[in-house]
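**Student:** The following file, coords-v6.cif, comprises mmCIF, C-alpha atoms:
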```
data_input
loop_
_atom_site.label_atom_id
_atom_site.label_comp_id
_atom_site.auth_asym_id
_atom_site.auth_seq_id
_atom_site.Cartn_x
_atom_site.Cartn_y
_atom_site.Cartn_z
CA MET A 168 144.83 99.09 172.87
CA ASN A 169 147.45 97.63 170.52
CA ILE A 170 145.58 95.64 167.84
CA LEU A 171 147.33 93.25 165.48
CA THR A 172 146.96 90.03 163.50
CA ASP A 173 150.30 88.24 163.76
CA PHE A 174 150.67 84.47 164.13
CA LYS A 175 154.36 84.87 165.04
CA GLN A 176 153.42 86.88 168.13
CA ASP A 177 151.00 84.27 169.44
CA VAL A 178 153.68 83.31 171.97
CA ASN A 179 154.46 83.86 175.63
CA THR A 180 155.39 87.43 176.65
CA GLN A 181 157.57 88.58 179.55
CA LYS A 182 155.38 89.90 182.39
CA PRO A 183 157.60 91.47 185.09
CA ILE A 184 155.00 93.98 186.37
CA PRO A 185 152.67 92.73 189.14
CA GLY A 186 149.16 92.34 187.75
CA SER A 187 150.32 91.51 184.21
CA TYR A 188 148.33 88.78 182.52
CA GLU A 189 148.11 86.83 179.28
CA TRP A 190 145.59 84.43 177.83
CA TRP A 191 145.03 82.32 174.73
CA TYR A 192 141.32 82.20 173.92
CA PHE A 193 139.52 79.62 171.74
CA ASP A 194 135.81 79.16 171.12
CA ALA A 195 133.74 77.08 168.72
CA GLN A 196 130.12 76.35 167.87
CA SER A 197 129.02 73.12 166.22
CA ILE A 198 126.26 72.68 163.67
CA ASP A 199 124.26 70.54 166.13
CA GLY A 200 124.08 73.05 168.99
CA TYR A 201 127.22 72.36 171.04
CA SER A 202 129.58 75.20 171.87
CA ILE A 203 132.82 75.38 173.81
CA VAL A 204 135.08 78.09 175.24
CA ILE A 205 138.67 77.26 176.25
CA ILE A 206 141.08 79.79 177.79
CA PHE A 207 144.69 79.20 178.81
CA TYR A 208 146.09 81.76 181.27
CA GLU A 209 149.48 82.83 182.51
CA GLY A 210 148.80 85.35 185.25
CA ASN A 211 145.18 84.40 185.93
CA PRO A 212 143.51 87.84 186.35
CA PHE A 213 140.52 86.31 188.18
CA SER A 214 142.64 84.60 190.85
CA LYS A 215 142.24 85.63 194.47
CA ARG A 216 145.70 84.17 195.12
CA TYR A 217 147.24 86.35 192.40
CA ILE A 218 145.49 89.47 193.72
CA LYS A 219 146.86 88.82 197.22
CA ALA A 220 150.38 88.30 195.82
CA ILE A 221 150.14 91.58 193.88
CA ALA A 222 149.32 93.40 197.12
CA GLU A 223 152.63 92.12 198.53
CA GLY A 224 154.48 94.03 195.78
CA LYS A 225 156.55 91.18 194.38
CA ASP A 226 157.77 91.16 190.76
CA ASN A 227 157.53 88.47 188.06
CA LEU A 228 154.38 87.01 189.57
CA ALA A 229 152.31 86.12 186.50
CA ALA A 230 154.17 82.89 185.74
CA LEU A 231 153.28 81.61 189.23
CA PHE A 232 149.54 81.66 188.47
CA PRO A 233 148.78 79.63 185.31
CA ALA A 234 145.28 78.29 184.77
CA VAL A 235 142.76 76.93 182.29
CA SER A 236 139.00 77.40 182.01
CA ILE A 237 136.78 75.13 179.92
CA SER A 238 133.05 75.61 179.36
CA LEU A 239 130.93 73.23 177.28
CA TYR A 240 127.33 74.06 176.34
CA LYS A 241 124.42 72.57 174.40
CA ASP A 242 121.87 75.04 173.04
CA GLY A 243 123.20 77.65 175.47
CA LYS A 244 122.92 75.45 178.57
CA PRO A 245 126.12 74.43 180.41
CA LEU A 246 127.09 70.75 180.36
CA PHE A 247 130.59 71.01 181.83
CA TYR A 248 132.57 73.71 183.59
CA ALA A 249 136.11 73.71 184.94
CA PHE A 250 138.38 76.54 186.03
CA GLU A 251 141.61 75.28 187.55
CA GLU A 252 144.78 77.06 188.63
CA PHE A 253 147.97 75.01 188.59
CA THR A 254 151.45 75.07 190.06
CA VAL A 255 154.28 76.29 187.84
CA ASP A 256 155.71 72.82 187.23
CA GLU A 257 152.39 71.66 185.74
CA CYS A 258 152.30 74.33 183.01
CA SER A 259 154.44 75.85 180.29
CA PHE A 260 153.96 78.46 177.56
CA SER A 261 156.52 78.81 174.80
CA ALA A 262 158.11 82.14 173.90
CA GLU A 263 159.32 80.66 170.58
CA GLN A 264 156.20 79.17 169.03
CA PRO A 265 152.43 79.10 169.64
CA GLN A 266 152.07 76.29 172.14
CA GLY A 267 151.40 75.76 175.81
CA ASN A 268 149.85 73.51 178.38
CA ALA A 269 147.93 73.89 181.63
CA GLY A 270 147.87 70.58 183.45
CA LYS A 271 146.96 67.89 180.91
CA ASN A 272 145.35 70.39 178.53
CA ARG A 273 147.47 71.58 175.62
CA PHE A 274 147.32 73.80 172.53
CA GLU A 275 149.75 74.01 169.61
CA GLY A 276 149.64 76.13 166.46
CA GLU A 277 151.46 75.86 163.16
CA LYS A 278 151.42 77.21 159.64
CA ASN A 279 150.69 74.54 157.05
CA GLY A 280 151.02 76.00 153.57
CA ASP A 281 148.45 78.78 153.30
CA GLN A 282 146.64 77.51 156.39
CA ILE A 283 146.93 78.19 160.12
CA VAL A 284 146.17 75.11 162.20
CA TYR A 285 145.73 74.88 165.97
CA ARG A 286 145.28 71.57 167.74
CA ILE A 287 143.87 71.45 171.25
CA LYS A 288 144.02 68.42 173.49
CA LEU A 289 141.70 68.42 176.49
CA ASN A 290 141.97 66.18 179.52
CA GLN A 291 140.26 67.94 182.41
CA SER A 292 138.40 66.62 185.44
CA VAL A 293 136.69 68.33 188.35
CA ALA A 294 136.27 67.25 191.97
CA ASN A 295 132.63 66.14 191.54
CA GLY A 296 133.71 63.36 189.17
CA ASP A 297 132.92 65.03 185.84
CA SER A 298 135.55 65.02 183.10
CA LEU A 299 136.01 66.22 179.54
CA LYS A 300 138.55 64.66 177.18
CA GLY A 301 139.20 64.94 173.48
CA THR A 302 140.84 66.89 170.68
CA LEU A 303 139.80 69.81 168.50
CA GLU A 304 141.42 71.20 165.35
CA PHE A 305 141.02 74.86 164.35
CA ARG A 306 141.89 75.38 160.67
CA SER A 307 141.74 78.72 158.86
CA ALA A 308 143.28 80.64 156.00
CA ASP A 309 146.49 82.52 156.79
CA GLN A 310 145.10 86.07 156.62
CA THR A 311 146.49 89.40 157.78
CA TYR A 312 143.94 92.17 158.30
CA GLN A 313 144.47 95.91 158.57
CA LEU A 314 142.50 96.64 161.73
CA ASN A 315 144.07 99.96 162.76
CA GLU A 316 143.50 103.19 160.89
CA ASN A 317 147.07 104.49 161.21
CA ASP A 318 146.63 104.82 164.97
CA GLU A 319 150.25 104.89 166.12
CA ALA A 320 149.26 105.60 169.73
CA ASN A 321 147.85 102.09 170.01
CA THR A 322 151.32 100.55 169.79
CA ASN A 323 152.19 101.87 173.25
CA SER A 324 149.05 100.57 174.92
CA ALA A 325 149.19 98.44 178.07
CA HIS A 326 146.75 95.99 176.43
CA ARG A 327 147.58 93.99 173.29
CA TRP A 328 144.94 92.08 171.34
CA ASN A 329 146.19 89.69 168.67
CA LEU A 330 143.49 88.36 166.34
CA ILE A 331 144.80 85.07 164.96
CA GLN A 332 141.76 83.20 163.63
CA PRO A 333 138.61 85.31 163.14
CA LYS A 334 136.85 82.33 161.58
CA ALA A 335 138.14 78.77 161.62
CA ASN A 336 136.69 75.41 160.65
CA VAL A 337 136.62 73.32 163.82
CA THR A 338 136.43 69.52 163.93
CA GLY A 339 137.17 66.95 166.56
CA LYS A 340 135.83 64.51 169.12
CA LEU A 341 134.99 65.11 172.77
CA LYS A 342 133.99 62.68 175.49
CA LEU A 343 131.98 63.99 178.44
CA SER A 344 131.83 61.69 181.46
CA GLY A 345 130.34 61.83 184.95
CA SER A 346 126.93 63.36 185.62
CA LEU A 347 126.41 63.33 181.86
CA ASN A 348 127.91 60.86 179.42
CA GLU A 349 128.13 62.02 175.82
CA ASN A 350 130.38 61.35 172.85
CA ILE A 351 130.47 64.49 170.72
CA SER A 352 131.62 64.64 167.10
CA PHE A 353 132.37 68.34 166.78
CA ASN A 354 131.89 70.04 163.42
CA GLY A 355 131.46 73.78 163.15
CA THR A 356 133.21 77.15 163.19
CA GLY A 357 135.44 78.80 165.77
CA TYR A 358 137.63 81.70 166.72
CA HIS A 359 141.03 82.27 168.38
CA ASP A 360 142.71 85.36 169.77
CA HIS A 361 145.47 86.22 172.25
CA ASN A 362 145.31 88.94 174.92
CA PHE A 363 148.18 90.44 176.90
CA GLY A 364 148.18 93.16 179.55
CA SER A 365 151.21 94.75 181.19
CA GLU A 366 149.17 95.95 184.18
CA PRO A 367 146.04 94.82 186.06
CA MET A 368 142.91 94.98 183.90
CA LYS A 369 141.27 97.42 186.33
CA ASP A 370 144.04 99.93 185.57
CA THR A 371 143.48 99.68 181.80
CA PHE A 372 139.71 99.87 181.44
CA ASP A 373 136.49 100.18 183.46
CA GLU A 374 134.18 98.04 181.32
CA TRP A 375 134.69 95.80 178.33
CA TYR A 376 132.38 94.26 175.72
CA TRP A 377 133.60 91.77 173.12
CA GLY A 378 131.88 89.52 170.62
CA ARG A 379 132.24 87.59 167.37
CA TYR A 380 129.52 86.54 164.91
CA HIS A 381 130.13 84.46 161.79
CA PHE A 382 128.24 84.99 158.55
CA ASP A 383 128.43 82.98 155.32
CA ASP A 384 131.52 84.77 153.99
CA ALA A 385 132.43 87.26 156.72
CA VAL A 386 132.70 87.73 160.47
CA LEU A 387 131.70 90.66 162.68
CA ILE A 388 134.00 91.30 165.65
CA TYR A 389 133.56 94.10 168.15
CA TYR A 390 135.65 95.31 171.07
CA LEU A 391 134.20 98.12 173.23
CA MET A 392 136.11 99.54 176.21
CA ARG A 393 135.20 102.29 178.65
CA VAL A 394 138.36 104.11 179.76
CA ASN A 395 138.16 107.12 182.12
CA ASN A 396 134.40 107.35 181.50
CA GLU A 397 134.84 107.49 177.72
CA TRP A 398 133.98 104.68 175.34
CA ASP A 399 136.55 103.39 172.84
CA LYS A 400 134.34 101.58 170.31
CA LYS A 401 135.82 99.32 167.66
CA ALA A 402 134.11 96.89 165.30
CA TRP A 403 135.10 95.22 162.04
CA LEU A 404 133.39 93.27 159.30
CA LEU A 405 136.11 90.93 158.01
CA SER A 406 135.67 89.12 154.71
CA GLU A 407 137.18 85.74 153.90
CA THR A 408 139.19 87.41 151.14
CA GLY A 409 141.13 89.51 153.66
CA ASP A 410 139.21 92.79 153.41
CA ALA A 411 138.46 94.62 156.66
CA ARG A 412 135.64 97.12 156.94
CA VAL A 413 136.04 99.32 160.02
CA ILE A 414 132.67 100.27 161.54
CA PRO A 415 132.82 103.95 162.62
CA ASP A 416 132.23 104.94 166.24
CA ASP A 417 128.92 106.62 165.44
CA GLY A 418 127.78 103.41 163.75
CA ILE A 419 127.99 101.41 167.00
CA ARG A 420 125.23 101.70 169.60
CA PHE A 421 124.27 99.62 172.60
CA ASN A 422 121.34 99.85 175.02
CA HIS A 423 118.67 97.92 176.92
CA ASN A 424 120.81 97.38 180.01
CA GLN A 425 119.67 94.69 182.40
CA LEU A 426 120.66 94.23 186.02
CA SER A 427 121.94 90.81 187.05
CA LEU A 428 121.53 88.97 190.34
CA PHE A 429 124.91 90.46 191.34
CA ALA A 430 123.86 94.02 190.38
CA LEU A 431 126.01 93.90 187.24
CA SER A 432 124.46 96.09 184.55
CA SER A 433 125.22 95.25 180.92
CA ALA A 434 123.67 96.05 177.54
CA ARG A 435 121.65 93.31 175.87
CA VAL A 436 121.19 94.96 172.45
CA LEU A 437 123.98 96.18 170.16
CA LYS A 438 123.53 97.77 166.74
CA PHE A 439 126.08 98.27 163.98
CA GLU A 440 125.72 100.34 160.82
CA ASP A 441 128.05 101.39 158.01
CA GLY A 442 126.77 102.07 154.52
CA ASP A 443 125.07 98.94 153.18
CA PHE A 444 125.86 96.98 156.35
CA LYS A 445 123.35 96.94 159.19
CA ALA A 446 123.19 94.51 162.10
CA HIS A 447 121.01 94.04 165.18
CA LEU A 448 122.50 91.87 167.93
CA GLN A 449 120.35 90.51 170.74
CA LEU A 450 122.19 88.89 173.67
CA ASP A 451 119.41 86.47 174.45
CA ARG A 452 121.19 83.56 176.15
CA LEU A 453 123.13 84.31 179.33
CA THR A 454 125.43 81.29 179.63
CA ASP A 455 127.80 82.49 182.38
CA ASN A 456 126.64 84.94 185.02
CA GLY A 457 129.12 86.07 187.67
CA PRO A 458 129.70 89.14 189.86
CA PHE A 459 132.18 90.70 187.40
CA TYR A 460 131.89 88.65 184.20
CA GLN A 461 129.10 87.56 181.84
CA ARG A 462 129.11 85.38 178.73
CA PHE A 463 126.30 85.32 176.20
CA GLU A 464 125.27 83.38 173.14
CA GLY A 465 123.59 86.02 171.01
CA ARG A 466 121.50 86.13 167.87
CA ILE A 467 122.39 88.61 165.15
CA ILE A 468 120.32 89.68 162.14
CA ALA A 469 122.25 91.60 159.49
CA THR A 470 122.08 92.94 155.97
CA ILE A 471 125.33 92.91 154.01
CA GLY A 472 124.72 94.67 150.72
CA ASP A 473 121.31 93.39 149.66
CA LYS A 474 121.75 90.00 151.34
CA PRO A 475 120.01 89.38 154.69
CA GLN A 476 121.82 87.00 157.03
CA GLN A 477 121.54 85.77 160.58
CA SER A 478 123.62 83.68 162.93
CA ARG A 479 124.39 82.90 166.54
CA GLY A 480 127.69 83.83 168.17
CA ILE A 481 129.46 84.51 171.45
CA SER A 482 129.78 87.73 173.47
CA GLU A 483 131.40 88.75 176.75
CA TYR A 484 131.13 91.55 179.27
CA ILE A 485 133.49 92.30 182.16
CA LYS A 486 133.84 94.93 184.87
CA PRO A 487 137.34 94.26 186.22
CA LYS A 488 137.37 96.46 189.34
CA ARG A 489 134.80 94.13 190.83
CA ILE A 490 137.37 91.33 190.82
CA TYR A 491 139.10 93.08 193.71
CA LYS A 492 135.99 93.30 195.89
CA LYS A 493 136.46 90.82 198.72
CA LEU A 494 132.67 90.57 199.02
CA PHE A 495 132.69 88.36 195.91
CA TRP A 496 135.71 86.20 196.77
CA PRO A 497 133.71 83.40 198.44
CA LEU A 498 131.78 83.00 195.18
CA VAL A 499 135.02 82.91 193.18
CA ASP A 500 136.42 80.25 195.53
CA MET A 501 133.49 77.99 194.63
CA ARG A 502 134.33 78.15 190.91
CA ILE A 503 138.14 78.20 190.70
CA LYS A 504 140.03 75.14 191.91
CA TYR A 505 143.32 76.33 193.36
CA PRO A 506 146.33 74.02 193.82
CA GLY A 507 145.71 71.66 196.69
CA LYS A 508 142.36 70.72 198.18
CA ALA A 509 139.19 71.40 196.19
CA HIS A 510 136.43 73.58 197.66
CA TRP A 511 133.68 71.49 199.26
CA VAL A 512 131.10 72.89 196.82
CA GLN A 513 133.21 71.66 193.88
CA LYS A 514 132.94 68.12 195.26
CA SER A 515 129.14 68.16 195.15
CA LYS A 516 127.44 66.92 191.98
CA THR A 517 124.43 69.12 192.79
CA LEU A 518 125.79 72.28 194.40
CA TYR A 519 128.72 72.76 192.00
CA LYS A 520 126.37 73.06 189.04
CA TRP A 521 124.56 75.94 190.76
CA THR A 522 127.80 77.97 190.58
CA TRP A 523 127.79 77.80 186.75
#
```
Show me this structure written as structure tokens.
**Tutor:**
Amino acid sequence: MNILTDFKQDVNTQKPIPGSYEWWYFDAQSIDGYSIVIIFYEGNPFSKRYIKAIAEGKDNLAALFPAVSISLYKDGKPLFYAFEEFTVDECSFSAEQPQGNAGKNRFEGEKNGDQIVYRIKLNQSVANGDSLKGTLEFRSADQTYQLNENDEANTNSAHRWNLIQPKANVTGKLKLSGSLNENISFNGTGYHDHNFGSEPMKDTFDEWYWGRYHFDDAVLIYYLMRVNNEWDKKAWLLSETGDARVIPDDGIRFNHNQLSLFALSSARVLKFEDGDFKAHLQLDRLTDNGPFYQRFEGRIIATIGDKPQQSRGISEYIKPKRIYKKLFWPLVDMRIKYPGKAHWVQKSKTLYKWTW
């Protein structure tokens, strides 16, 4: 995996190989219990339509399958969910500067003095009548972290992970309409990164854990991948002053696997240790539970030096080969709105919520 922190590279990448993908990920948690995850895709890796097109062997496919997913929660419970794939003429992602849109949803980043600022405009509706509109601003210091330990082999990896904003102040206003009607004044902390793959995810790794947890003056980020039955474990404690502590492989452990309704087995406890840093992470809120993907809001208790701290954050788990199992495609069809007619479940105010 090629790991970097480079605002200039938070732009669209050429993706000529079938199965290539790219996404811009944003999440935020407010001080009053709301949280949101927004992902813009070019080459939606979860798309049944994209998988079928790959099987036909055509090149330069990724640009034909742009999408956005938006999940809004309160105290770990979903309030709004949308995952929509668009036609090419409804989306654009710049190769010159950090900006893009999927339908009426848009993000744009800029450097403002010693700050990095991203502004997100949301205007998304779903077939059951629910909608989410509003704007969010992600503001952070312009920091560059040394995340690699002189690992030159990473530069040739098929997967690139660009960490832009480990910890950002997030403010804005959101309006939720439909089954629920709420006006939300968002004030909290958030995170932004950018992922790119030059081949299908299933060809790069077998399993993948990721998470981020903010402390008073630092953030813990981990990225664990199983490749050819061997785990590549990476975790960092990043300070607000720009220092990066790399947690060694033998200081990262995970256990207490639980089996989901879809027979997806993932660890619910992760532990990190390096010198005077110790952390125990419990993934106690399962907020998104699918046949190949899970999202959690976890609780972490840590000691940094002699200072105990705790916080809540966001974690993910994915097993990409399962995306290609046709057994699960009817379930995917209920969640992703493809161009054209919406699935009948998505039109139901009651049934659609059961797919969340």
**Student:** Could you expand the PyMOL selection byres ((chain A and resi 490) around 10) into the explicit residues it covers here, written as number ranges by chain?
**Tutor:** A: 212-215, 218, 368-369, 458-460, 485-489, 491-496, 499
**Student:** Using only C-alpha atoms, can you tell me which of A:Asp199, A:Asp410, A:Glu277, A:Asp297 comes closest to Lys516 of chain A?
**Tutor:**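 Once distances to Lys516 of chain A are computed over only C-alpha atoms, the minimum belongs to A:Asp297.
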**Student:** Gln313 of chain A: which residues within 9 Å, counting only C-alpha atoms, same-chain residues fewer than 4 positions away excluded, as an MDAnalysis selection string?
**Tutor:** chainID A and resid 171:172 409:411
**Student:** On this structure, which residues satisfy the PyMOL selection byres ((chain A and resi 243-247) around 10), written as a PyMOL selection string?
**Tutor:** chain A and resi 200-203+237-242+248-249+292-293+297-299+343-349+451-455+463-465+520+523
**Student:** Hey, what's within 12 Å of Phe439 of chain A if we count all atoms listed in the file and toss same-chain stuff fewer than 2 positions away? As a compact mmCIF listing (two decimals) with C-alpha atoms, in the coordinates of the input, please?
**Tutor:**
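Here's the written file part.txt:
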```
# COMPACT_ATOMS: atom_id res chain seq x y z
CA LEU A 387 131.70 90.66 162.68
CA ILE A 388 134.00 91.30 165.65
CA TYR A 389 133.56 94.10 168.15
CA LYS A 400 134.34 101.58 170.31
CA LYS A 401 135.82 99.32 167.66
CA ALA A 402 134.11 96.89 165.30
CA TRP A 403 135.10 95.22 162.04
CA LEU A 404 133.39 93.27 159.30
CA ARG A 412 135.64 97.12 156.94
CA VAL A 413 136.04 99.32 160.02
CA ILE A 414 132.67 100.27 161.54
CA PRO A 415 132.82 103.95 162.62
CA ASP A 416 132.23 104.94 166.24
CA ASP A 417 128.92 106.62 165.44
CA GLY A 418 127.78 103.41 163.75
CA ILE A 419 127.99 101.41 167.00
CA ARG A 420 125.23 101.70 169.60
CA PHE A 421 124.27 99.62 172.60
CA VAL A 436 121.19 94.96 172.45
CA LEU A 437 123.98 96.18 170.16
CA ASP A 441 128.05 101.39 158.01
CA GLY A 442 126.77 102.07 154.52
CA ASP A 443 125.07 98.94 153.18
CA PHE A 444 125.86 96.98 156.35
CA LYS A 445 123.35 96.94 159.19
CA ALA A 446 123.19 94.51 162.10
CA HIS A 447 121.01 94.04 165.18
CA LEU A 448 122.50 91.87 167.93
CA GLN A 449 120.35 90.51 170.74
CA ILE A 467 122.39 88.61 165.15
CA ILE A 468 120.32 89.68 162.14
CA ALA A 469 122.25 91.60 159.49
CA THR A 470 122.08 92.94 155.97
CA ILE A 471 125.33 92.91 154.01
```
**Student:** I need the residue nearest Trp375 of chain A from this list: A:Leu330, A:Ala434, A:Leu231, A:Ala325. Use all atoms listed in the file for the distance.
**Tutor:** A:Ala434
**Student:** Kindly reconstruct segment 452-473 of chain A with N, CA and C atoms and present the result as a compact mmCIF listing (two decimals), keeping the file's coordinate frame.
**Tutor:**
```txt
# COMPACT_ATOMS: atom_id res chain seq x y z
N ARG A 452 120.88 84.71 175.30
CA ARG A 452 121.19 83.56 176.15
C ARG A 452 122.36 83.92 177.07
N LEU A 453 122.08 84.04 178.34
CA LEU A 453 123.13 84.31 179.33
C LEU A 453 123.67 82.96 179.79
N THR A 454 124.88 82.61 179.35
CA THR A 454 125.43 81.29 179.63
C THR A 454 126.37 81.25 180.82
N ASP A 455 126.92 82.40 181.21
CA ASP A 455 127.80 82.49 182.38
C ASP A 455 127.51 83.80 183.07
N ASN A 456 127.10 83.74 184.33
CA ASN A 456 126.64 84.94 185.02
C ASN A 456 127.34 85.05 186.36
N GLY A 457 128.36 85.90 186.44
CA GLY A 457 129.12 86.07 187.67
C GLY A 457 129.06 87.50 188.17
N PRO A 458 129.74 87.80 189.28
CA PRO A 458 129.70 89.14 189.86
C PRO A 458 130.48 90.18 189.08
N PHE A 459 131.42 89.74 188.19
CA PHE A 459 132.18 90.70 187.40
C PHE A 459 132.30 90.30 185.93
N TYR A 460 131.73 89.17 185.55
CA TYR A 460 131.89 88.65 184.20
C TYR A 460 130.59 88.00 183.73
N GLN A 461 130.24 88.23 182.45
CA GLN A 461 129.10 87.56 181.84
C GLN A 461 129.48 87.08 180.44
N ARG A 462 128.95 85.91 180.09
CA ARG A 462 129.11 85.38 178.73
C ARG A 462 127.72 85.13 178.15
N PHE A 463 127.57 85.47 176.87
CA PHE A 463 126.30 85.32 176.20
C PHE A 463 126.48 84.53 174.91
N GLU A 464 125.42 83.83 174.52
CA GLU A 464 125.27 83.38 173.14
C GLU A 464 124.17 84.24 172.54
N GLY A 465 124.53 85.06 171.56
CA GLY A 465 123.59 86.02 171.01
C GLY A 465 123.11 85.64 169.62
N ARG A 466 122.06 86.32 169.20
CA ARG A 466 121.50 86.13 167.87
C ARG A 466 121.61 87.45 167.12
N ILE A 467 122.19 87.41 165.93
CA ILE A 467 122.39 88.61 165.15
C ILE A 467 121.65 88.49 163.82
N ILE A 468 120.98 89.56 163.43
CA ILE A 468 120.32 89.68 162.14
C ILE A 468 120.98 90.84 161.41
N ALA A 469 121.47 90.59 160.20
CA ALA A 469 122.25 91.60 159.49
C ALA A 469 121.87 91.65 158.02
N THR A 470 122.16 92.79 157.42
CA THR A 470 122.08 92.94 155.97
C THR A 470 123.45 93.39 155.48
N ILE A 471 124.04 92.59 154.61
CA ILE A 471 125.33 92.91 154.01
C ILE A 471 125.08 93.12 152.52
N GLY A 472 125.16 94.37 152.07
CA GLY A 472 124.72 94.67 150.72
C GLY A 472 123.21 94.50 150.65
N ASP A 473 122.75 93.67 149.73
CA ASP A 473 121.31 93.39 149.66
C ASP A 473 120.98 91.99 150.14
```
